[in-house]
Amino acid sequence: MMVLRYRKTIDIEKYDFIFAGPPYALQNIDDIPRLIFEKKLLNPSGWFILEHTPRNDYKNFPFYKAERKYGTTVFSIFINNETHE
């Protein structure tokens with residue numbers, strides 16, 4: 001299910017790990033990391049990994065930690081470094 005639509009259907013829960021592999025042509029792909037952290041979906045030290053193409057760059061996003069490139073696929077890694085709720 002589309003993560004943005006799914007998020008609207010569930011109660012507030014927190015996760016240790018979230019992986020999003022949305023369609024590369026998704027127009028609002030940049031909203032995904034913003035919403036993950038705005039909605040506080042990760043536990044402290046929780047990881048969020050977003051699969052995308054090289055045309056998207058998340059190095060300046062809050063909580064960005066690293067990226068791994070595999071051909072035309074990039075995995076951006078974000079870690080929730082907040083220690084309290």
# chains A, B, ... in the order shown; residues from 1 in each chain; ligands from 1
>>> residues_around(residues="stretch 50-66 of chain A", least_positions_apart="5", cutoff="10 Å", atoms="only C-alpha atoms", output="PyMOL selection string")
chain A and resi 18-26+29-30+32-34+37+71-82
>>> residues_around(residues="A:Ile36", least_positions_apart="5", cutoff="9 Å", atoms="only C-alpha atoms", output="ChimeraX atom specification")
/A:18,31,41-42,48
>>> atom_distance(atom1="atom CA of A:Gln27", atom2="atom CA of A:Trp47")
23.3 Å
